[in-house]
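Listing of target.txt, compact mmCIF, C-alpha atoms
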# COMPACT_ATOMS: atom_id res chain seq x y z
CA MET A 20 -129.29 -4.93 47.71
CA LYS A 21 -130.50 -1.40 48.36
CA ALA A 22 -129.06 1.35 46.21
CA LYS A 23 -128.95 3.68 49.21
CA HIS A 24 -126.61 1.44 51.21
CA PRO A 25 -123.87 3.84 52.46
CA PHE A 26 -121.03 1.54 51.39
CA ILE A 27 -122.41 1.26 47.85
CA ALA A 28 -122.72 5.04 47.58
CA LEU A 29 -119.15 5.50 48.81
CA ALA A 30 -117.73 2.79 46.57
CA LEU A 31 -119.58 3.92 43.44
CA ALA A 32 -118.20 7.41 43.94
CA ALA A 33 -114.69 5.93 44.15
CA VAL A 34 -115.19 3.92 40.95
CA LEU A 35 -116.45 6.97 39.08
CA ALA A 36 -113.49 8.98 40.30
CA ALA A 37 -110.94 6.32 39.43
CA GLY A 38 -112.34 5.24 36.10
CA ALA A 39 -112.98 1.73 34.86
CA SER A 40 -109.39 0.58 34.34
CA MET A 41 -107.81 -2.00 36.67
CA PRO A 42 -104.14 -1.31 37.53
CA ALA A 43 -101.70 -4.10 36.70
CA HIS A 44 -100.55 -4.43 40.31
CA ALA A 45 -104.07 -5.00 41.66
CA GLN A 46 -103.54 -8.72 42.19
CA ARG A 47 -99.98 -8.65 43.53
CA ILE A 48 -100.94 -10.04 46.99
CA ALA A 49 -101.92 -13.44 45.61
CA GLN A 50 -98.88 -13.44 43.31
CA ALA A 51 -96.27 -12.51 45.92
CA HIS A 52 -95.59 -16.03 47.30
CA TYR A 53 -95.52 -14.81 50.89
CA LYS A 54 -94.16 -17.24 53.48
CA LYS A 55 -95.76 -15.73 56.58
CA ALA A 56 -98.64 -13.31 57.06
CA LEU A 57 -100.02 -11.57 60.13
CA VAL A 58 -103.50 -10.05 60.22
CA VAL A 59 -103.71 -7.63 63.15
CA GLY A 60 -107.20 -6.65 64.26
CA ALA A 61 -108.43 -4.55 67.14
CA HIS A 62 -111.00 -7.09 68.35
CA PRO A 63 -111.83 -10.77 68.05
CA ASP A 64 -113.61 -11.15 64.66
CA ASP A 65 -111.80 -8.20 63.02
CA PRO A 66 -109.11 -10.23 61.22
CA GLU A 67 -111.69 -12.71 59.95
CA THR A 68 -114.11 -10.09 58.67
CA ILE A 69 -111.61 -7.69 57.11
CA ALA A 70 -109.26 -10.25 55.54
CA GLY A 71 -110.54 -13.77 56.21
CA GLY A 72 -110.75 -14.68 52.55
CA THR A 73 -107.23 -13.48 51.90
CA MET A 74 -105.99 -15.40 54.92
CA LEU A 75 -107.46 -18.57 53.44
CA VAL A 76 -106.10 -17.86 49.95
CA LEU A 77 -102.59 -17.31 51.32
CA LYS A 78 -102.83 -20.40 53.53
CA GLY A 79 -103.83 -22.42 50.47
CA GLN A 80 -100.62 -21.25 48.79
CA GLY A 81 -98.52 -22.61 51.66
CA CYS A 82 -98.19 -19.33 53.58
CA GLU A 83 -98.24 -19.50 57.38
CA VAL A 84 -101.04 -17.20 58.57
CA VAL A 85 -101.44 -15.81 62.09
CA SER A 86 -104.42 -13.85 63.43
CA VAL A 87 -103.47 -11.21 66.02
CA TYR A 88 -106.08 -9.66 68.31
CA LEU A 89 -105.06 -6.41 70.03
CA THR A 90 -107.82 -6.72 72.65
CA GLY A 91 -109.97 -9.48 74.12
CA GLY A 92 -113.25 -7.86 73.10
CA GLU A 93 -114.01 -7.10 76.75
CA ALA A 94 -116.59 -4.39 76.00
CA GLY A 95 -118.21 -6.24 73.14
CA ILE A 96 -121.14 -8.07 74.77
CA ALA A 97 -123.96 -6.11 76.38
CA GLY A 98 -124.82 -7.24 79.88
CA LYS A 99 -121.54 -9.12 80.39
CA SER A 100 -118.64 -8.10 82.58
CA HIS A 101 -115.28 -7.57 80.93
CA ASP A 102 -114.04 -10.92 82.20
CA GLU A 103 -117.18 -12.75 81.03
CA ALA A 104 -117.09 -11.12 77.59
CA ALA A 105 -113.39 -11.80 77.13
CA ALA A 106 -113.85 -15.48 77.98
CA ILE A 107 -116.67 -15.83 75.46
CA ARG A 108 -114.82 -13.99 72.74
CA HIS A 109 -111.57 -15.89 73.29
CA LYS A 110 -113.51 -19.13 72.75
CA GLU A 111 -115.20 -17.75 69.63
CA SER A 112 -111.82 -16.72 68.23
CA GLU A 113 -110.36 -20.14 68.92
CA ASP A 114 -113.30 -21.71 67.07
CA ALA A 115 -112.92 -19.33 64.11
CA CYS A 116 -109.19 -19.98 63.82
CA ARG A 117 -109.80 -23.72 64.04
CA VAL A 118 -112.20 -23.46 61.09
CA MET A 119 -109.55 -21.57 59.13
CA GLY A 120 -106.71 -23.80 60.27
CA ILE A 121 -104.56 -20.94 61.50
CA ARG A 122 -102.79 -19.88 64.68
CA HIS A 123 -103.83 -16.88 66.78
CA ILE A 124 -102.26 -14.47 69.28
CA PHE A 125 -104.02 -12.35 71.88
CA MET A 126 -102.34 -9.14 72.98
CA ASP A 127 -103.35 -7.50 76.27
CA GLN A 128 -104.98 -4.19 75.43
CA VAL A 129 -108.58 -3.56 76.54
CA ASP A 130 -111.53 -3.20 74.20
CA GLY A 131 -112.74 0.41 74.20
CA ASP A 132 -109.70 1.64 76.12
CA THR A 133 -106.81 1.08 73.72
CA GLU A 134 -103.62 3.08 74.13
CA VAL A 135 -101.09 4.52 71.72
CA ASN A 136 -97.92 5.37 73.62
CA ARG A 137 -94.24 4.45 73.81
CA GLU A 138 -94.92 1.23 75.72
CA ARG A 139 -97.64 0.08 73.34
CA TYR A 140 -95.53 0.93 70.29
CA ALA A 141 -92.74 -1.25 71.70
CA GLN A 142 -95.18 -4.05 72.47
CA MET A 143 -96.52 -4.20 68.91
CA LYS A 144 -93.02 -4.02 67.49
CA ALA A 145 -91.96 -6.93 69.71
CA VAL A 146 -94.84 -9.13 68.54
CA ILE A 147 -94.18 -8.47 64.86
CA GLU A 148 -90.41 -8.74 65.25
CA ARG A 149 -90.79 -12.11 66.99
CA GLU A 150 -93.13 -13.49 64.32
CA LYS A 151 -91.01 -12.22 61.39
CA PRO A 152 -93.78 -11.92 58.78
CA ASP A 153 -93.16 -10.81 55.24
CA VAL A 154 -96.64 -9.26 55.00
CA VAL A 155 -98.98 -7.69 57.57
CA PHE A 156 -102.60 -6.65 57.15
CA THR A 157 -104.34 -4.30 59.56
CA HIS A 158 -107.04 -1.67 59.83
CA TRP A 159 -107.30 1.34 57.52
CA PRO A 160 -106.31 4.31 59.74
CA ILE A 161 -109.26 6.59 58.95
CA ASP A 162 -111.95 4.78 60.89
CA ALA A 163 -114.84 5.74 63.15
CA HIS A 164 -113.77 3.19 65.77
CA ARG A 165 -110.88 4.47 67.89
CA ASP A 166 -109.63 0.90 68.59
CA HIS A 167 -109.25 0.39 64.83
CA ARG A 168 -107.34 3.66 64.54
CA ALA A 169 -105.08 2.72 67.45
CA THR A 170 -104.31 -0.68 65.95
CA SER A 171 -103.43 0.86 62.61
CA LEU A 172 -101.07 3.39 64.18
CA LEU A 173 -99.29 0.76 66.27
CA VAL A 174 -98.72 -1.50 63.28
CA TYR A 175 -97.60 1.38 61.07
CA ASP A 176 -95.04 2.43 63.69
CA ALA A 177 -93.71 -1.14 63.92
CA TRP A 178 -93.35 -1.19 60.12
CA ARG A 179 -91.23 1.98 60.32
CA GLN A 180 -89.16 0.84 63.29
CA LEU A 181 -88.47 -2.51 61.63
CA ASP A 182 -87.16 -0.75 58.50
CA HIS A 183 -90.07 -1.73 56.27
CA SER A 184 -89.06 -5.40 56.55
CA PHE A 185 -92.57 -6.55 55.60
CA ASP A 186 -95.22 -5.42 53.17
CA LEU A 187 -98.01 -3.51 54.91
CA TYR A 188 -101.60 -3.50 53.68
CA TYR A 189 -104.65 -1.78 55.14
CA ALA A 190 -108.07 -3.43 55.07
CA GLU A 191 -111.56 -1.97 55.31
CA ALA A 192 -114.12 -2.67 58.04
CA MET A 193 -117.81 -1.94 57.41
CA SER A 194 -116.88 0.82 54.97
CA GLY A 195 -119.11 3.86 55.15
CA LEU A 196 -119.92 3.18 58.80
CA GLN A 197 -116.44 2.50 60.19
CA SER A 198 -113.70 2.80 57.52
CA GLN A 199 -113.86 6.15 55.74
CA ASN A 200 -112.33 7.39 52.46
CA PHE A 201 -110.94 3.95 51.65
CA ILE A 202 -109.52 3.62 48.13
CA PRO A 203 -108.11 0.16 47.23
CA THR A 204 -104.81 -0.45 45.49
CA ASP A 205 -104.97 -4.27 45.59
CA TYR A 206 -107.58 -7.01 45.42
CA VAL A 207 -107.78 -10.71 46.23
CA ASN A 208 -110.29 -12.99 44.51
CA ILE A 209 -111.96 -14.98 47.32
CA ASP A 210 -114.54 -16.87 45.23
CA SER A 211 -113.12 -20.26 46.23
CA VAL A 212 -112.95 -19.53 49.96
CA VAL A 213 -115.79 -17.10 50.72
CA ALA A 214 -118.01 -19.83 52.19
CA LYS A 215 -115.21 -20.93 54.55
CA LYS A 216 -114.56 -17.30 55.49
CA HIS A 217 -118.21 -16.84 56.43
CA GLU A 218 -118.18 -20.10 58.39
CA ALA A 219 -115.27 -18.76 60.44
CA CYS A 220 -116.94 -15.39 60.93
CA MET A 221 -120.13 -17.06 62.13
CA CYS A 222 -118.17 -18.55 65.05
CA HIS A 223 -118.37 -15.07 66.59
CA VAL A 224 -121.93 -15.72 67.75
CA SER A 225 -121.93 -12.96 70.35
CA GLN A 226 -121.44 -10.28 67.68
CA GLY A 227 -124.60 -10.80 65.65
CA MET A 228 -122.49 -11.91 62.73
CA PRO A 229 -125.34 -12.66 60.27
CA ASP A 230 -126.23 -8.95 60.26
CA ILE A 231 -122.58 -7.95 59.82
CA ILE A 232 -122.11 -10.35 56.91
CA ASN A 233 -125.46 -9.75 55.22
CA GLY A 234 -125.55 -6.01 55.80
CA TRP A 235 -121.89 -5.07 55.39
CA HIS A 236 -119.02 -7.40 54.62
CA GLY A 237 -121.00 -9.62 52.28
CA VAL A 238 -122.06 -6.52 50.36
CA MET A 239 -118.49 -5.27 50.30
CA GLU A 240 -117.21 -8.62 49.01
CA LYS A 241 -119.71 -8.53 46.15
CA PHE A 242 -118.93 -4.95 45.23
CA ARG A 243 -115.18 -5.47 45.35
CA GLY A 244 -115.80 -8.58 43.24
CA ILE A 245 -117.52 -6.43 40.64
CA GLU A 246 -114.51 -4.11 40.62
CA PHE A 247 -112.12 -7.05 40.31
CA HIS A 248 -114.23 -8.98 37.78
CA CYS A 249 -115.10 -11.93 40.02
CA LYS A 250 -117.97 -12.86 42.34
CA ALA A 251 -116.32 -11.94 45.66
CA ALA A 252 -113.13 -10.09 46.54
CA GLU A 253 -111.39 -8.35 49.39
CA ALA A 254 -109.72 -5.01 48.81
CA PHE A 255 -106.62 -3.51 50.39
CA SER A 256 -104.51 -0.37 50.26
CA LYS A 257 -100.74 -0.81 50.27
CA GLN A 258 -98.57 1.40 52.47
CA LEU A 259 -95.80 2.95 50.40
CA TRP A 260 -92.31 3.67 51.63
CA PRO A 261 -91.76 7.26 52.81
CA GLU A 262 -89.95 9.24 50.16
CA ASN A 263 -87.96 11.52 52.44
CA GLY A 264 -86.39 8.81 54.58
CA MET A 265 -87.26 10.63 57.80
CA SER A 266 -87.23 8.64 61.03
CA ASP A 267 -88.93 9.31 64.37
CA ARG A 268 -86.63 6.98 66.30

Could you show the structure in this file as structure tokens?
Amino acid sequence: MKAKHPFIALALAAVLAAGASMPAHAQRIAQAHYKKALVVGAHPDDPETIAGGTMLVLKGQGCEVVSVYLTGGEAGIAGKSHDEAAAIRHKESEDACRVMGIRHIFMDQVDGDTEVNRERYAQMKAVIEREKPDVVFTHWPIDAHRDHRATSLLVYDAWRQLDHSFDLYYAEAMSGLQSQNFIPTDYVNIDSVVAKKHEACMCHVSQGMPDIINGWHGVMEKFRGIEFHCKAAEAFSKQLWPENGMSDR
């Protein structure tokens, strides 16, 4: 592990700023006894990489877990048409979800051309309202990838429009390169499921997943594990209720 890795530099700065203490609520996700969880990612592979371990932990506790893909990953394979790439990435997602033993949903936005407007807000709200989760995980909103930012905004709006009927947590993706300024509030120990998480991630063959795991998410899991006093962890930031009660409906 190189000391100059951008994620390590970012995370060490956060640790120094926050101090060494671990807040009491840091492990509330695993203790919440959720019945249904959605993990909403911008692209095929996003839910698995940003929260795959947590998905498996919750599933092991009897929680129903659903992976939601905003786009089909149409722009994600060099040299392939949108239709060809989407077909490949749909199959990879099906394989990954089969490994994890979970259900998945594909929405109909387009990779690299995601929209945030009234229609798309209503669409995301409808998906979440139909599924009736008690917890949703999605992308941290400050992210270099505009599809990640769009996904986060759509889910946040649904959380508001549905009167905060589910807990909302943000997850990090390739922190330092994509997610920026991410400070965790909550952690999940994934020691017992990290191998299965990586097996599911590796189903996304078209994405060069060994480099993503070895160069980014594997490093992040180890560092968050150090923070949470285990070998591997995933970190999240919980969305708090607005204090002023304002509504944009």

Any chance you could work out the axis-aligned box around stretch 45-58 of chain A, listed atoms only, 5 Å on each side, giving centre and edge lengths in Å to one decimal, as JSON?
{"center_x": -99.1, "center_y": -11.1, "center_z": 50.9, "size_x": 19.9, "size_y": 22.2, "size_z": 28.6}

Two-atom distance - atom CA of A:His158, atom CA of A:Thr68 (Å):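 Between atom CA of A:His158 and atom CA of A:Thr68 the gap is 11.1 Å.
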
Identify which of the residues A:Pro152, A:Gly234, A:Gly195, A:Gly81 lies closest to A:Ala177, counting only C-alpha atoms when measuring atom-to-atom distances.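 Closest candidate: A:Pro152.
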
Please report, as a tab-separated table, each residue of stretch 69-159 of chain A lying at most 8 Å from stretch 209-225 of chain A, together with the nearest pair of atoms and the separation in Å rounded to one decimal; use all atoms listed in the file, and order rows by chain and ascending residue number.
residue	atom	partner	partner_atom	distance
A:Gly71	CA	A:Lys216	CA	5.4
A:Gly72	CA	A:Ile209	CA	5.4
A:Thr73	CA	A:Ile209	CA	6.8
A:Leu75	CA	A:Val212	CA	6.6
A:Val76	CA	A:Ile209	CA	7.0
A:Ile96	CA	A:Ser225	CA	6.6
A:Ile107	CA	A:Ser225	CA	7.9
A:Arg108	CA	A:His223	CA	7.2
A:Glu111	CA	A:His223	CA	5.1
A:Ser112	CA	A:His223	CA	7.0
A:Asp114	CA	A:Cys222	CA	6.1
A:Ala115	CA	A:Ala219	CA	4.4
A:Cys116	CA	A:Ala219	CA	7.1
A:Val118	CA	A:Ala219	CA	5.7
A:Met119	CA	A:Ala219	CA	6.5

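Shortest separation to A:Asn208 among A:Ala49, A:Ile161, A:Ala56, A:Val155 occurs at residue A:Ala49, atoms counted being only C-alpha atoms.
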
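Using all atoms listed in the file, the smallest distance between any of A:Pro203, A:Thr157, A:Phe255, A:Ser194 and A:Val238 comes from A:Ser194.
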
Starting from the point (-112.2, -5.7, 69.1), work out which residues of protein, DNA or RNA have an atom no more than 10 Å away when counting all atoms listed in the file; state them as a PyMOL selection string. chain A and resi 60-66+88-95+108+128-131+133+164+166-167+170

Which is closest to A:Asp153 among A:Ala192, A:Cys82, A:Lys241, A:His109, if we use only C-alpha atoms?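 So, comparing all the options, the nearest one is A:Cys82.
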
Within 10 Å of A:Ala254, counting all atoms listed in the file, which residues show up once you throw out same-chain ones fewer than 2 positions away? Write them as a CSV table (one decimal) with C-alpha atoms, keeping the file's coordinate frame, please.
chain,number,residue,atom,x,y,z
A,45,ALA,CA,-104.1,-5.0,41.7
A,46,GLN,CA,-103.5,-8.7,42.2
A,69,ILE,CA,-111.6,-7.7,57.1
A,70,ALA,CA,-109.3,-10.2,55.5
A,73,THR,CA,-107.2,-13.5,51.9
A,188,TYR,CA,-101.6,-3.5,53.7
A,189,TYR,CA,-104.6,-1.8,55.1
A,190,ALA,CA,-108.1,-3.4,55.1
A,191,GLU,CA,-111.6,-2.0,55.3
A,201,PHE,CA,-110.9,4.0,51.6
A,202,ILE,CA,-109.5,3.6,48.1
A,203,PRO,CA,-108.1,0.2,47.2
A,204,THR,CA,-104.8,-0.4,45.5
A,205,ASP,CA,-105.0,-4.3,45.6
A,206,TYR,CA,-107.6,-7.0,45.4
A,207,VAL,CA,-107.8,-10.7,46.2
A,208,ASN,CA,-110.3,-13.0,44.5
A,239,MET,CA,-118.5,-5.3,50.3
A,240,GLU,CA,-117.2,-8.6,49.0
A,242,PHE,CA,-118.9,-5.0,45.2
A,243,ARG,CA,-115.2,-5.5,45.4
A,244,GLY,CA,-115.8,-8.6,43.2
A,246,GLU,CA,-114.5,-4.1,40.6
A,247,PHE,CA,-112.1,-7.0,40.3
A,252,ALA,CA,-113.1,-10.1,46.5
A,256,SER,CA,-104.5,-0.4,50.3

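Put simply, atom CA of A:Trp260 is 20.3 Å away from atom CA of A:Lys55.
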
Distance of atom CA of A:Ala145 from atom CA of A:Leu259, expressed in Å to one decimal place: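 We find that atom CA of A:Leu259 and atom CA of A:Ala145 lie 22.0 Å from each other.
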
Neighbour list for A:Val154 as a PyMOL selection string, cut-off 10 Å, only C-alpha atoms, skip fewer than 5 positions in-chain: chain A and resi 48+51+53-58+84+184-188

For those residues, write C-alpha atoms to a file as a compact mmCIF listing (two decimals), in the coordinates of the input.
# COMPACT_ATOMS: atom_id res chain seq x y z
CA ILE A 48 -100.94 -10.04 46.99
CA ALA A 51 -96.27 -12.51 45.92
CA TYR A 53 -95.52 -14.81 50.89
CA LYS A 54 -94.16 -17.24 53.48
CA LYS A 55 -95.76 -15.73 56.58
CA ALA A 56 -98.64 -13.31 57.06
CA LEU A 57 -100.02 -11.57 60.13
CA VAL A 58 -103.50 -10.05 60.22
CA VAL A 84 -101.04 -17.20 58.57
CA SER A 184 -89.06 -5.40 56.55
CA PHE A 185 -92.57 -6.55 55.60
CA ASP A 186 -95.22 -5.42 53.17
CA LEU A 187 -98.01 -3.51 54.91
CA TYR A 188 -101.60 -3.50 53.68

Pick from A:Gly237, A:Gly98, A:Pro160, A:Gly79: nearest to A:Ala251, with only C-alpha atoms counted? A:Gly237

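Take the candidates A:Ile231, A:Leu181, A:Ala163, A:Val85 and check each one against A:Tyr140 using all atoms listed in the file; the shortest distance goes to A:Leu181.
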